[in-house]
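> Input file: coords_20.cif. Contents: mmCIF, C-alpha atoms (C1' of nucleotides).
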data_query
#
loop_
_atom_site.group_PDB
_atom_site.id
_atom_site.type_symbol
_atom_site.label_atom_id
_atom_site.label_comp_id
_atom_site.auth_asym_id
_atom_site.auth_seq_id
_atom_site.Cartn_x
_atom_site.Cartn_y
_atom_site.Cartn_z
ATOM 1 C CA MET A 1 0.000 0.000 0.000
ATOM 2 C CA ARG A 2 2.845 2.242 0.841
ATOM 3 C CA ALA A 3 4.086 1.692 -2.712
ATOM 4 C CA PHE A 4 0.924 3.359 -4.028
ATOM 5 C CA LEU A 5 0.159 5.792 -1.235
ATOM 6 C CA ARG A 6 3.473 7.630 -1.165
ATOM 7 C CA PRO A 7 3.639 8.295 -4.904
ATOM 8 C CA SER A 8 -0.002 9.391 -4.824
ATOM 9 C CA LEU A 9 0.730 11.905 -2.089
ATOM 10 C CA LEU A 10 3.775 13.261 -3.922
ATOM 11 C CA LEU A 11 1.761 13.538 -7.103
ATOM 12 C CA MET A 12 -0.876 15.583 -5.290
ATOM 13 C CA LEU A 13 1.776 17.845 -3.839
ATOM 14 C CA LEU A 14 3.094 18.381 -7.344
ATOM 15 C CA GLU A 15 -0.025 20.414 -8.011
ATOM 16 C CA GLY A 16 0.625 22.606 -5.005
ATOM 17 C CA GLU A 17 1.185 22.579 -1.277
ATOM 18 C CA SER A 18 -1.433 20.999 0.923
ATOM 19 C CA HIS A 19 -2.008 19.610 4.404
ATOM 20 C CA GLY A 20 -2.571 16.051 5.565
ATOM 21 C CA TYR A 21 -6.291 16.127 6.105
ATOM 22 C CA HIS A 22 -6.929 17.579 2.673
ATOM 23 C CA LEU A 23 -4.636 15.051 1.021
ATOM 24 C CA TYR A 24 -6.435 12.290 2.902
ATOM 25 C CA ASP A 25 -9.753 13.575 1.593
ATOM 26 C CA GLN A 26 -8.511 13.556 -1.969
ATOM 27 C CA LEU A 27 -7.170 10.023 -1.879
ATOM 28 C CA ALA A 28 -10.533 8.625 -2.971
ATOM 29 C CA ALA A 29 -9.883 10.216 -6.359
ATOM 30 C CA TYR A 30 -6.715 8.137 -6.542
ATOM 31 C CA GLY A 31 -8.538 4.869 -6.029
ATOM 32 C CA PHE A 32 -8.108 4.532 -2.286
ATOM 33 C CA ASP A 33 -10.970 3.384 -0.104
ATOM 34 C CA CYS A 34 -10.906 5.917 2.707
ATOM 35 C CA ASP A 35 -13.287 3.791 4.754
ATOM 36 C CA ARG A 36 -10.517 1.249 5.095
ATOM 37 C CA LEU A 37 -7.663 3.744 5.322
ATOM 38 C CA ASP A 38 -7.134 5.465 8.635
ATOM 39 C CA SER A 39 -5.953 9.066 8.417
ATOM 40 C CA SER A 40 -3.138 8.298 10.831
ATOM 41 C CA VAL A 41 -1.524 6.208 8.125
ATOM 42 C CA VAL A 42 -1.422 9.220 5.830
ATOM 43 C CA TYR A 43 0.041 11.467 8.512
ATOM 44 C CA ARG A 44 2.654 8.869 9.279
ATOM 45 C CA HIS A 45 3.794 8.579 5.677
ATOM 46 C CA LEU A 46 3.947 12.341 5.331
ATOM 47 C CA ARG A 47 6.183 12.600 8.379
ATOM 48 C CA ASP A 48 8.336 9.768 7.070
ATOM 49 C CA MET A 49 8.723 11.416 3.685
ATOM 50 C CA GLU A 50 9.617 14.659 5.393
ATOM 51 C CA GLU A 51 12.349 12.888 7.340
ATOM 52 C CA MET A 52 13.600 11.512 4.028
ATOM 53 C CA GLY A 53 13.787 15.033 2.664
ATOM 54 C CA LEU A 54 11.215 14.451 -0.071
ATOM 55 C CA ILE A 55 8.853 17.106 1.278
ATOM 56 C CA ASP A 56 9.002 19.840 3.864
ATOM 57 C CA SER A 57 6.361 21.377 6.077
ATOM 58 C CA HIS A 58 5.375 24.521 7.931
ATOM 59 C CA TRP A 59 2.491 25.412 10.187
ATOM 60 C CA ASP A 60 -0.441 27.395 8.869
ATOM 61 C CA ASP A 61 -1.901 29.365 11.752
ATOM 62 C CA ASP A 62 -3.983 31.744 9.671
ATOM 63 C CA SER A 63 -6.633 29.207 8.732
ATOM 64 C CA MET A 64 -9.708 28.563 10.831
ATOM 65 C CA GLY A 65 -9.858 25.587 13.146
ATOM 66 C CA PRO A 66 -6.939 23.558 14.399
ATOM 67 C CA ARG A 67 -3.494 24.269 12.995
ATOM 68 C CA ARG A 68 -2.546 22.665 9.726
ATOM 69 C CA ARG A 69 0.836 21.299 8.808
ATOM 70 C CA VAL A 70 1.295 22.286 5.200
ATOM 71 C CA TYR A 71 3.541 20.165 3.007
ATOM 72 C CA ARG A 72 5.502 21.130 -0.095
ATOM 73 C CA ILE A 73 7.408 18.850 -2.420
ATOM 74 C CA GLN A 74 11.208 19.194 -2.500
ATOM 75 C CA PRO A 75 13.672 18.568 -5.334
ATOM 76 C CA ALA A 76 14.592 15.211 -3.786
ATOM 77 C CA GLY A 77 10.883 14.388 -3.879
ATOM 78 C CA LEU A 78 10.729 15.061 -7.588
ATOM 79 C CA SER A 79 13.509 12.656 -8.465
ATOM 80 C CA CYS A 80 12.242 10.091 -6.009
ATOM 81 C CA LEU A 81 8.804 10.296 -7.590
ATOM 82 C CA ALA A 82 10.370 9.667 -10.987
ATOM 83 C CA ASP A 83 12.029 6.516 -9.615
ATOM 84 C CA TRP A 84 8.831 5.330 -7.996
ATOM 85 C CA MET A 85 6.969 5.855 -11.251
ATOM 86 C CA GLU A 86 9.441 3.570 -12.967
ATOM 87 C CA ASP A 87 8.646 0.913 -10.373
ATOM 88 C CA LEU A 88 4.923 1.517 -10.774
ATOM 89 C CA ARG A 89 5.116 0.999 -14.518
ATOM 90 C CA GLU A 90 6.721 -2.359 -13.911
ATOM 91 C CA ILE A 91 4.059 -3.217 -11.367
ATOM 92 C CA ARG A 92 1.336 -2.192 -13.791
ATOM 93 C CA ASP A 93 2.816 -4.428 -16.463
ATOM 94 C CA GLN A 94 3.186 -7.305 -14.032
ATOM 95 C CA VAL A 95 -0.405 -7.017 -12.831
ATOM 96 C CA SER A 96 -1.687 -6.643 -16.378
ATOM 97 C CA HIS A 97 0.124 -9.813 -17.347
ATOM 98 C CA LEU A 98 -1.408 -11.591 -14.356
ATOM 99 C CA VAL A 99 -4.999 -10.626 -15.054
ATOM 100 C CA ASP A 100 -4.599 -11.266 -18.763
ATOM 101 C CA THR A 101 -3.176 -14.717 -18.127
ATOM 102 C CA TYR A 102 -6.033 -15.482 -15.745
ATOM 103 C CA ARG A 103 -8.605 -14.292 -18.233
ATOM 104 C CA ARG A 104 -7.072 -16.453 -20.930
ATOM 105 C CA GLU A 105 -6.872 -19.527 -18.719
ATOM 106 C CA VAL A 106 -10.098 -19.603 -16.745
ATOM 107 C CA GLU A 107 -12.349 -16.989 -18.259
ATOM 108 C CA GLY A 108 -11.494 -18.278 -21.684
ATOM 109 C CA GLU A 109 -15.128 -19.050 -22.441
ATOM 110 C CA VAL A 110 -15.738 -16.264 -24.907
ATOM 111 C CA ASP A 111 -18.705 -14.135 -23.985
ATOM 112 C CA LEU A 112 -20.036 -12.532 -27.132
ATOM 113 C CA SER A 113 -23.450 -11.973 -25.586
ATOM 114 C CA ILE A 114 -25.332 -9.124 -27.161
ATOM 115 C CA ASN A 115 -27.056 -8.071 -23.964
ATOM 116 C CA GLU A 116 -24.033 -6.702 -22.157
ATOM 117 C CA LYS A 117 -24.828 -4.973 -18.912
ATOM 118 C CA MET B 1 3.973 -8.148 -2.640
ATOM 119 C CA ARG B 2 1.814 -10.813 -1.151
ATOM 120 C CA ALA B 3 -1.016 -9.372 -3.231
ATOM 121 C CA PHE B 4 0.905 -10.321 -6.384
ATOM 122 C CA LEU B 5 2.836 -13.365 -5.229
ATOM 123 C CA ARG B 6 -0.053 -15.453 -3.950
ATOM 124 C CA PRO B 7 -2.220 -15.058 -7.044
ATOM 125 C CA SER B 8 0.817 -15.800 -9.211
ATOM 126 C CA LEU B 9 1.457 -19.035 -7.352
ATOM 127 C CA LEU B 10 -2.181 -20.092 -7.595
ATOM 128 C CA LEU B 11 -2.179 -19.286 -11.284
ATOM 129 C CA MET B 12 0.858 -21.503 -11.790
ATOM 130 C CA LEU B 13 -0.797 -24.317 -9.867
ATOM 131 C CA LEU B 14 -3.792 -23.961 -12.128
ATOM 132 C CA GLU B 15 -1.671 -25.451 -14.888
ATOM 133 C CA GLY B 16 -0.785 -28.451 -12.763
ATOM 134 C CA GLU B 17 0.708 -29.508 -9.471
ATOM 135 C CA SER B 18 4.210 -28.382 -8.616
ATOM 136 C CA HIS B 19 6.647 -27.971 -5.740
ATOM 137 C CA GLY B 20 8.007 -24.842 -4.085
ATOM 138 C CA TYR B 21 11.430 -24.738 -5.635
ATOM 139 C CA HIS B 22 10.046 -25.106 -9.128
ATOM 140 C CA LEU B 23 7.428 -22.451 -8.531
ATOM 141 C CA TYR B 24 10.140 -20.163 -7.188
ATOM 142 C CA ASP B 25 12.163 -20.715 -10.341
ATOM 143 C CA GLN B 26 9.224 -19.836 -12.560
ATOM 144 C CA LEU B 27 8.418 -16.596 -10.779
ATOM 145 C CA ALA B 28 10.774 -14.633 -13.022
ATOM 146 C CA ALA B 29 8.321 -15.294 -15.855
ATOM 147 C CA TYR B 30 5.689 -13.547 -13.750
ATOM 148 C CA GLY B 31 7.737 -10.392 -13.380
ATOM 149 C CA PHE B 32 9.386 -11.154 -10.042
ATOM 150 C CA ASP B 33 13.051 -10.421 -9.467
ATOM 151 C CA CYS B 34 14.298 -13.622 -7.882
ATOM 152 C CA ASP B 35 17.554 -11.959 -6.895
ATOM 153 C CA ARG B 36 15.600 -9.854 -4.454
ATOM 154 C CA LEU B 37 13.116 -12.530 -3.444
ATOM 155 C CA ASP B 38 14.301 -15.166 -0.987
ATOM 156 C CA SER B 39 12.895 -18.613 -1.610
ATOM 157 C CA SER B 40 11.825 -18.859 2.032
ATOM 158 C CA VAL B 41 9.213 -16.218 1.303
ATOM 159 C CA VAL B 42 7.677 -18.427 -1.361
ATOM 160 C CA TYR B 43 7.655 -21.468 0.907
ATOM 161 C CA ARG B 44 6.011 -19.432 3.630
ATOM 162 C CA HIS B 45 3.189 -18.263 1.395
ATOM 163 C CA LEU B 46 2.628 -21.804 0.166
ATOM 164 C CA ARG B 47 2.312 -23.093 3.726
ATOM 165 C CA ASP B 48 -0.010 -20.213 4.594
ATOM 166 C CA MET B 49 -2.219 -20.899 1.611
ATOM 167 C CA GLU B 50 -2.321 -24.549 2.538
ATOM 168 C CA GLU B 51 -3.476 -23.636 6.031
ATOM 169 C CA MET B 52 -6.174 -21.514 4.426
ATOM 170 C CA GLY B 53 -7.316 -24.530 2.437
ATOM 171 C CA LEU B 54 -6.543 -22.963 -0.929
ATOM 172 C CA ILE B 55 -4.028 -25.663 -1.840
ATOM 173 C CA ASP B 56 -2.993 -29.024 -0.470
ATOM 174 C CA SER B 57 0.298 -30.867 -0.497
ATOM 175 C CA HIS B 58 1.858 -34.299 -0.432
ATOM 176 C CA TRP B 59 5.449 -35.517 -0.375
ATOM 177 C CA ASP B 60 7.074 -36.790 -3.526
ATOM 178 C CA ASP B 61 9.678 -39.352 -2.530
ATOM 179 C CA ASP B 62 10.153 -40.860 -5.961
ATOM 180 C CA SER B 63 12.098 -37.936 -7.403
ATOM 181 C CA MET B 64 15.862 -37.618 -7.132
ATOM 182 C CA GLY B 65 17.458 -35.418 -4.513
ATOM 183 C CA PRO B 66 15.774 -34.086 -1.393
ATOM 184 C CA ARG B 67 12.058 -34.694 -0.932
ATOM 185 C CA ARG B 68 9.657 -32.336 -2.596
ATOM 186 C CA ARG B 69 6.428 -31.072 -1.179
ATOM 187 C CA VAL B 70 4.062 -31.041 -4.127
ATOM 188 C CA TYR B 71 1.158 -28.593 -4.105
ATOM 189 C CA ARG B 72 -2.205 -28.819 -5.837
ATOM 190 C CA ILE B 73 -4.883 -26.165 -6.060
ATOM 191 C CA GLN B 74 -8.161 -26.827 -4.217
ATOM 192 C CA PRO B 75 -11.699 -25.655 -5.029
ATOM 193 C CA ALA B 76 -11.407 -22.983 -2.349
ATOM 194 C CA GLY B 77 -8.261 -21.810 -4.121
ATOM 195 C CA LEU B 78 -10.136 -21.395 -7.374
ATOM 196 C CA SER B 79 -12.773 -19.118 -5.925
ATOM 197 C CA CYS B 80 -10.202 -17.242 -3.904
ATOM 198 C CA LEU B 81 -8.158 -16.664 -7.023
ATOM 199 C CA ALA B 82 -11.225 -15.238 -8.724
ATOM 200 C CA ASP B 83 -11.660 -12.781 -5.843
ATOM 201 C CA TRP B 84 -8.009 -11.808 -5.888
ATOM 202 C CA MET B 85 -8.198 -11.200 -9.618
ATOM 203 C CA GLU B 86 -11.011 -8.748 -9.008
ATOM 204 C CA ASP B 87 -8.756 -6.903 -6.576
ATOM 205 C CA LEU B 88 -5.877 -7.011 -9.037
ATOM 206 C CA ARG B 89 -7.990 -5.447 -11.763
ATOM 207 C CA GLU B 90 -8.720 -2.561 -9.413
ATOM 208 C CA ILE B 91 -5.055 -2.276 -8.536
ATOM 209 C CA ARG B 92 -4.120 -2.283 -12.206
ATOM 210 C CA ASP B 93 -6.587 0.522 -12.868
ATOM 211 C CA GLN B 94 -5.353 2.492 -9.886
ATOM 212 C CA VAL B 95 -1.707 2.178 -10.906
ATOM 213 C CA SER B 96 -2.530 2.975 -14.519
ATOM 214 C CA HIS B 97 -4.278 6.123 -13.401
ATOM 215 C CA LEU B 98 -1.241 7.069 -11.328
ATOM 216 C CA VAL B 99 1.330 6.642 -14.070
ATOM 217 C CA ASP B 100 -0.924 8.310 -16.639
ATOM 218 C CA THR B 101 -1.454 11.290 -14.378
ATOM 219 C CA TYR B 102 2.271 11.557 -13.782
ATOM 220 C CA ARG B 103 3.019 11.349 -17.479
ATOM 221 C CA ARG B 104 0.503 14.091 -18.185
ATOM 222 C CA GLU B 105 1.804 16.351 -15.430
ATOM 223 C CA VAL B 106 5.564 16.073 -15.585
ATOM 224 C CA GLU B 107 6.386 14.224 -18.752
ATOM 225 C CA GLY B 108 3.943 16.402 -20.605
ATOM 226 C CA GLU B 109 6.593 17.463 -23.102
ATOM 227 C CA VAL B 110 5.237 15.593 -26.087
ATOM 228 C CA ASP B 111 7.760 13.301 -27.681
ATOM 229 C CA LEU B 112 6.792 12.688 -31.275
ATOM 230 C CA SER B 113 10.339 11.792 -32.256
ATOM 231 C CA ILE B 114 10.542 9.583 -35.286
ATOM 232 C CA ASN B 115 13.567 7.662 -34.095
ATOM 233 C CA GLU B 116 11.915 5.684 -31.345
ATOM 234 C CA LYS B 117 14.058 3.071 -29.712
ATOM 235 C "C1'" DT C 1 36.067 -34.904 -0.078
ATOM 236 C "C1'" DA C 2 34.966 -30.415 -1.028
ATOM 237 C "C1'" DG C 3 31.779 -27.657 -3.441
ATOM 238 C "C1'" DA C 4 27.551 -26.716 -6.240
ATOM 239 C "C1'" DC C 5 22.841 -27.407 -6.857
ATOM 240 C "C1'" DT C 6 18.291 -29.014 -5.408
ATOM 241 C "C1'" DA C 7 14.796 -28.633 -1.693
ATOM 242 C "C1'" DT C 8 12.489 -27.279 2.585
ATOM 243 C "C1'" DT C 9 12.137 -25.197 7.059
ATOM 244 C "C1'" DG C 10 12.732 -22.364 11.250
ATOM 245 C "C1'" DA C 11 14.255 -18.450 13.858
ATOM 246 C "C1'" DC C 12 14.904 -13.716 14.553
ATOM 247 C "C1'" DA C 13 14.840 -8.838 13.746
ATOM 248 C "C1'" DT C 14 12.688 -5.204 11.608
ATOM 249 C "C1'" DA C 15 8.963 -2.945 8.970
ATOM 250 C "C1'" DT C 16 4.271 -1.942 8.215
ATOM 251 C "C1'" DT C 17 -0.457 -1.692 9.370
ATOM 252 C "C1'" DG C 18 -4.780 -1.369 11.888
ATOM 253 C "C1'" DC C 19 -7.010 0.443 15.475
ATOM 254 C "C1'" DA C 20 -7.805 3.065 19.424
ATOM 255 C "C1'" DT C 21 -7.116 7.113 21.789
ATOM 256 C "C1'" DA C 22 -5.542 11.936 23.011
ATOM 257 C "C1'" DT C 23 -5.671 16.740 22.059
ATOM 258 C "C1'" DA C 24 -7.738 20.867 20.267
ATOM 259 C "C1'" DG C 25 -10.258 24.537 17.587
ATOM 260 C "C1'" DT C 26 -14.798 25.708 15.397
ATOM 261 C "C1'" DG C 27 -19.574 25.550 14.312
ATOM 262 C "C1'" DT C 28 -24.356 24.022 15.181
ATOM 263 C "C1'" DA C 29 -28.577 21.885 17.169
ATOM 264 C "C1'" DG C 30 -31.320 21.673 21.147
ATOM 265 C "C1'" DC D 1 -24.431 26.508 27.456
ATOM 266 C "C1'" DT D 2 -23.786 21.870 26.424
ATOM 267 C "C1'" DA D 3 -23.423 18.126 23.685
ATOM 268 C "C1'" DC D 4 -22.116 16.706 19.286
ATOM 269 C "C1'" DA D 5 -20.010 16.767 14.764
ATOM 270 C "C1'" DC D 6 -16.337 18.042 11.962
ATOM 271 C "C1'" DT D 7 -11.632 19.570 11.087
ATOM 272 C "C1'" DA D 8 -6.739 18.545 12.127
ATOM 273 C "C1'" DT D 9 -2.655 16.188 13.938
ATOM 274 C "C1'" DA D 10 -0.186 12.875 16.719
ATOM 275 C "C1'" DT D 11 1.027 8.766 19.468
ATOM 276 C "C1'" DG D 12 1.019 4.080 21.329
ATOM 277 C "C1'" DC D 13 0.487 -0.706 20.910
ATOM 278 C "C1'" DA D 14 -0.699 -5.053 19.206
ATOM 279 C "C1'" DA D 15 -0.966 -7.785 15.200
ATOM 280 C "C1'" DT D 16 1.020 -8.872 10.628
ATOM 281 C "C1'" DA D 17 4.233 -9.068 7.160
ATOM 282 C "C1'" DT D 18 8.816 -9.091 5.290
ATOM 283 C "C1'" DG D 19 13.846 -9.662 4.937
ATOM 284 C "C1'" DT D 20 17.640 -12.226 6.111
ATOM 285 C "C1'" DC D 21 20.275 -15.949 7.694
ATOM 286 C "C1'" DA D 22 21.216 -20.319 9.002
ATOM 287 C "C1'" DA D 23 20.172 -25.408 9.480
ATOM 288 C "C1'" DT D 24 19.312 -29.715 7.341
ATOM 289 C "C1'" DA D 25 19.678 -33.029 3.654
ATOM 290 C "C1'" DG D 26 20.065 -35.593 -0.787
ATOM 291 C "C1'" DT D 27 22.580 -35.810 -5.339
ATOM 292 C "C1'" DC D 28 26.201 -34.996 -8.537
ATOM 293 C "C1'" DT D 29 30.725 -33.458 -10.228
ATOM 294 C "C1'" DA D 30 35.637 -32.134 -9.990
#
Rewrite the coordinates I just gave you, this time as structure tokens.

Amino acid sequence: MRAFLRPSLLLMLLEGESHGYHLYDQLAAYGFDCDRLDSSVVYRHLRDMEEMGLIDSHWDDDSMGPRRRVYRIQPAGLSCLADWMEDLREIRDQVSHLVDTYRREVEGEVDLSINEK
Amino acid sequence: MRAFLRPSLLLMLLEGESHGYHLYDQLAAYGFDCDRLDSSVVYRHLRDMEEMGLIDSHWDDDSMGPRRRVYRIQPAGLSCLADWMEDLREIRDQVSHLVDTYRREVEGEVDLSINEK
DNA sequence: TAGACTATTGACATATTGCATATAGTGTAG
DNA sequence: CTACACTATATGCAATATGTCAATAGTCTA
């Protein structure tokens, strides 16, 4: 999960700085099921990536409500994201090969039904 | 990794019974880097899946060399594989969306070069 | 007889996750 | 004005998962 979550967060930060709660909210758009993903996991990864130097943060006291820790992507984050994307392409190809092989082997019964759902 | 390894093993067993070492050897064809994957990991997942009732095993004493534990897929393994494939399709879509978004955002410089590799 | 290859297993440390809980500011329903 | 819901972040702990290494053992070759 970490292999998908961290790149997703970096990708979001590419579009501009943001804070954890907002990023967490947006994750649904990246295919995550927020019902099964606790926000603490997101916060934890953000802190980890900050320690790695991929992002940095500062407090935003001007907004309403509790303070927000606002994250920005760093140069190291950019190159790291590029590496992770390489890995993700390989994963995509691997998974595609898996599902295609499965389809060929067990769902091989061709379904040319006209009444598709 | 488990999310890819277990379905891959079941898929291999779909084509016929086999033992751990052989399955481990074949994993390269499924996109795994066996240099970075210890065989003990494969054995562990096989034992786990046996405990779950997805596969069963018996010893093969007739072959040369050390004894082999030969695995066969079980009916429960078939339906489980179908479920996992559903998950994998979602993962494939999620990862595809990620890499496509990245390509659009940072590799946006269109490359229409005629001399493709 | 030492070393390489096949084959499986167990132990241990570390990494990752899930879940619960703590803290705190703001707005709203009653 | 009080209880509750929502925003926002952080921490602790138990349960799982993973990586790594070593142990055992049979066969074959140099």
> Apply the PyMOL selection byres ((chain B) within 10 of (chain C)) to the file shown and report the selected residues as a PDB file with C-alpha atoms, keeping the file's coordinate frame.

ATOM      1  CA  HIS B  19       6.647 -27.971  -5.740  1.00  0.00           C
ATOM      2  CA  GLY B  20       8.007 -24.842  -4.085  1.00  0.00           C
ATOM      3  CA  TYR B  21      11.430 -24.738  -5.635  1.00  0.00           C
ATOM      4  CA  HIS B  22      10.046 -25.106  -9.128  1.00  0.00           C
ATOM      5  CA  SER B  39      12.895 -18.613  -1.610  1.00  0.00           C
ATOM      6  CA  SER B  40      11.825 -18.859   2.032  1.00  0.00           C
ATOM      7  CA  TYR B  43       7.655 -21.468   0.907  1.00  0.00           C
ATOM      8  CA  ARG B  44       6.011 -19.432   3.630  1.00  0.00           C
ATOM      9  CA  MET B  64      15.862 -37.618  -7.132  1.00  0.00           C
ATOM     10  CA  GLY B  65      17.458 -35.418  -4.513  1.00  0.00           C
ATOM     11  CA  PRO B  66      15.774 -34.086  -1.393  1.00  0.00           C
ATOM     12  CA  ARG B  67      12.058 -34.694  -0.932  1.00  0.00           C
ATOM     13  CA  ARG B  68       9.657 -32.336  -2.596  1.00  0.00           C
ATOM     14  CA  ARG B  69       6.428 -31.072  -1.179  1.00  0.00           C
TER      15      ARG B  69
END
> With the file shown as input, list the residues that the PyMOL selection byres ((chain B) within 8 of (chain A)) selects, as a count of residues only.
17
> Is it possible to see chain A as a tab-separated table (two decimals) with C-alpha atoms, in the coordinates of the input, once it has been laid onto chain B by a least-squares fit on every C-alpha atom in order?

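So the final result, stored in superposed-v4.tsv, reads:
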chain	number	residue	atom	x	y	z
A	1	MET	CA	4.14	-8.21	-2.64
A	2	ARG	CA	2.02	-10.84	-1.08
A	3	ALA	CA	-0.89	-9.42	-3.08
A	4	PHE	CA	0.92	-10.37	-6.29
A	5	LEU	CA	2.87	-13.42	-5.17
A	6	ARG	CA	-0.03	-15.48	-3.85
A	7	PRO	CA	-2.23	-15.08	-6.92
A	8	SER	CA	0.77	-15.84	-9.12
A	9	LEU	CA	1.42	-19.07	-7.26
A	10	LEU	CA	-2.23	-20.11	-7.46
A	11	LEU	CA	-2.28	-19.31	-11.15
A	12	MET	CA	0.74	-21.55	-11.71
A	13	LEU	CA	-0.89	-24.35	-9.76
A	14	LEU	CA	-3.92	-23.99	-11.99
A	15	GLU	CA	-1.83	-25.48	-14.77
A	16	GLY	CA	-0.94	-28.47	-12.65
A	17	GLU	CA	0.60	-29.54	-9.38
A	18	SER	CA	4.11	-28.42	-8.59
A	19	HIS	CA	6.58	-28.02	-5.75
A	20	GLY	CA	7.97	-24.89	-4.12
A	21	TYR	CA	11.38	-24.80	-5.72
A	22	HIS	CA	9.94	-25.17	-9.20
A	23	LEU	CA	7.34	-22.49	-8.56
A	24	TYR	CA	10.09	-20.22	-7.26
A	25	ASP	CA	12.06	-20.79	-10.45
A	26	GLN	CA	9.10	-19.88	-12.60
A	27	LEU	CA	8.32	-16.65	-10.82
A	28	ALA	CA	10.66	-14.72	-13.10
A	29	ALA	CA	8.16	-15.34	-15.89
A	30	TYR	CA	5.58	-13.58	-13.75
A	31	GLY	CA	7.65	-10.44	-13.40
A	32	PHE	CA	9.34	-11.20	-10.10
A	33	ASP	CA	13.01	-10.47	-9.58
A	34	CYS	CA	14.26	-13.69	-8.03
A	35	ASP	CA	17.53	-12.02	-7.08
A	36	ARG	CA	15.60	-9.93	-4.60
A	37	LEU	CA	13.12	-12.62	-3.59
A	38	ASP	CA	14.32	-15.24	-1.16
A	39	SER	CA	12.92	-18.73	-1.71
A	40	SER	CA	11.92	-18.91	1.94
A	41	VAL	CA	9.28	-16.29	1.24
A	42	VAL	CA	7.71	-18.54	-1.37
A	43	TYR	CA	7.75	-21.56	0.91
A	44	ARG	CA	6.18	-19.52	3.66
A	45	HIS	CA	3.31	-18.33	1.49
A	46	LEU	CA	2.69	-21.84	0.24
A	47	ARG	CA	2.43	-23.14	3.79
A	48	ASP	CA	0.15	-20.25	4.71
A	49	MET	CA	-2.13	-20.91	1.76
A	50	GLU	CA	-2.23	-24.57	2.69
A	51	GLU	CA	-3.32	-23.65	6.20
A	52	MET	CA	-6.04	-21.52	4.63
A	53	GLY	CA	-7.22	-24.52	2.65
A	54	LEU	CA	-6.49	-22.97	-0.74
A	55	ILE	CA	-4.00	-25.69	-1.68
A	56	ASP	CA	-2.96	-29.04	-0.32
A	57	SER	CA	0.32	-30.90	-0.41
A	58	HIS	CA	1.88	-34.34	-0.36
A	59	TRP	CA	5.44	-35.58	-0.37
A	60	ASP	CA	7.03	-36.85	-3.55
A	61	ASP	CA	9.64	-39.42	-2.60
A	62	ASP	CA	10.07	-40.93	-6.04
A	63	SER	CA	12.00	-38.01	-7.50
A	64	MET	CA	15.76	-37.72	-7.30
A	65	GLY	CA	17.38	-35.51	-4.71
A	66	PRO	CA	15.77	-34.17	-1.57
A	67	ARG	CA	12.07	-34.76	-1.03
A	68	ARG	CA	9.65	-32.39	-2.67
A	69	ARG	CA	6.43	-31.11	-1.19
A	70	VAL	CA	4.02	-31.09	-4.09
A	71	TYR	CA	1.13	-28.64	-4.03
A	72	ARG	CA	-2.26	-28.86	-5.71
A	73	ILE	CA	-4.93	-26.19	-5.89
A	74	GLN	CA	-8.19	-26.82	-4.01
A	75	PRO	CA	-11.73	-25.64	-4.76
A	76	ALA	CA	-11.39	-22.95	-2.09
A	77	GLY	CA	-8.26	-21.82	-3.92
A	78	LEU	CA	-10.18	-21.41	-7.14
A	79	SER	CA	-12.79	-19.10	-5.67
A	80	CYS	CA	-10.19	-17.23	-3.68
A	81	LEU	CA	-8.18	-16.68	-6.84
A	82	ALA	CA	-11.27	-15.26	-8.52
A	83	ASP	CA	-11.66	-12.78	-5.65
A	84	TRP	CA	-8.01	-11.82	-5.75
A	85	MET	CA	-8.24	-11.25	-9.48
A	86	GLU	CA	-11.05	-8.80	-8.88
A	87	ASP	CA	-8.77	-6.92	-6.49
A	88	LEU	CA	-5.91	-7.06	-8.98
A	89	ARG	CA	-8.05	-5.53	-11.71
A	90	GLU	CA	-8.79	-2.63	-9.42
A	91	ILE	CA	-5.12	-2.30	-8.59
A	92	ARG	CA	-4.22	-2.36	-12.27
A	93	ASP	CA	-6.72	0.40	-12.96
A	94	GLN	CA	-5.48	2.43	-10.02
A	95	VAL	CA	-1.85	2.13	-11.08
A	96	SER	CA	-2.72	2.88	-14.69
A	97	HIS	CA	-4.49	6.02	-13.60
A	98	LEU	CA	-1.45	7.02	-11.54
A	99	VAL	CA	1.10	6.60	-14.30
A	100	ASP	CA	-1.18	8.22	-16.85
A	101	THR	CA	-1.74	11.22	-14.61
A	102	TYR	CA	2.00	11.53	-14.04
A	103	ARG	CA	2.72	11.31	-17.74
A	104	ARG	CA	0.16	14.00	-18.45
A	105	GLU	CA	1.43	16.30	-15.72
A	106	VAL	CA	5.21	16.10	-15.86
A	107	GLU	CA	6.07	14.22	-19.01
A	108	GLY	CA	3.61	16.33	-20.91
A	109	GLU	CA	6.31	17.60	-23.25
A	110	VAL	CA	5.27	15.68	-26.32
A	111	ASP	CA	8.08	13.64	-27.78
A	112	LEU	CA	7.37	13.11	-31.45
A	113	SER	CA	11.02	12.43	-32.22
A	114	ILE	CA	11.51	10.31	-35.28
A	115	ASN	CA	14.59	8.56	-33.97
A	116	GLU	CA	12.92	6.48	-31.29
A	117	LYS	CA	15.19	3.99	-29.63
> Atom CA of A:Gln26 and atom CA of A:Arg47 are how many Å apart?
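Separation between atom CA of A:Gln26 and atom CA of A:Arg47: 18.0 Å.
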> Would you mind listing, as a count of residues only, all residues of chain D that have at least one atom within 8 Å of chain B, where all atoms listed in the file are what counts?
3
> Could you please determine the separation between atom C1' of D:DT9 and atom CA of A:Asp35 in Å, to one decimal place?
18.7 Å
> Could the centre and edge lengths of an axis-aligned box, enclosing all atoms of stretch 20-24 of chain C in the file with 4 Å extra on each side, be given in Å to one decimal as lines of an AutoDock Vina configuration file?

center_x = -6.7
center_y = 12.0
center_z = 21.2
size_x = 10.3
size_y = 25.8
size_z = 11.6
> Grab the atom CA of B:Asp56 to atom CA of B:Cys80 distance for me, in Å with one decimal place.
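Atom CA of B:Asp56 sits 14.2 Å away from atom CA of B:Cys80.
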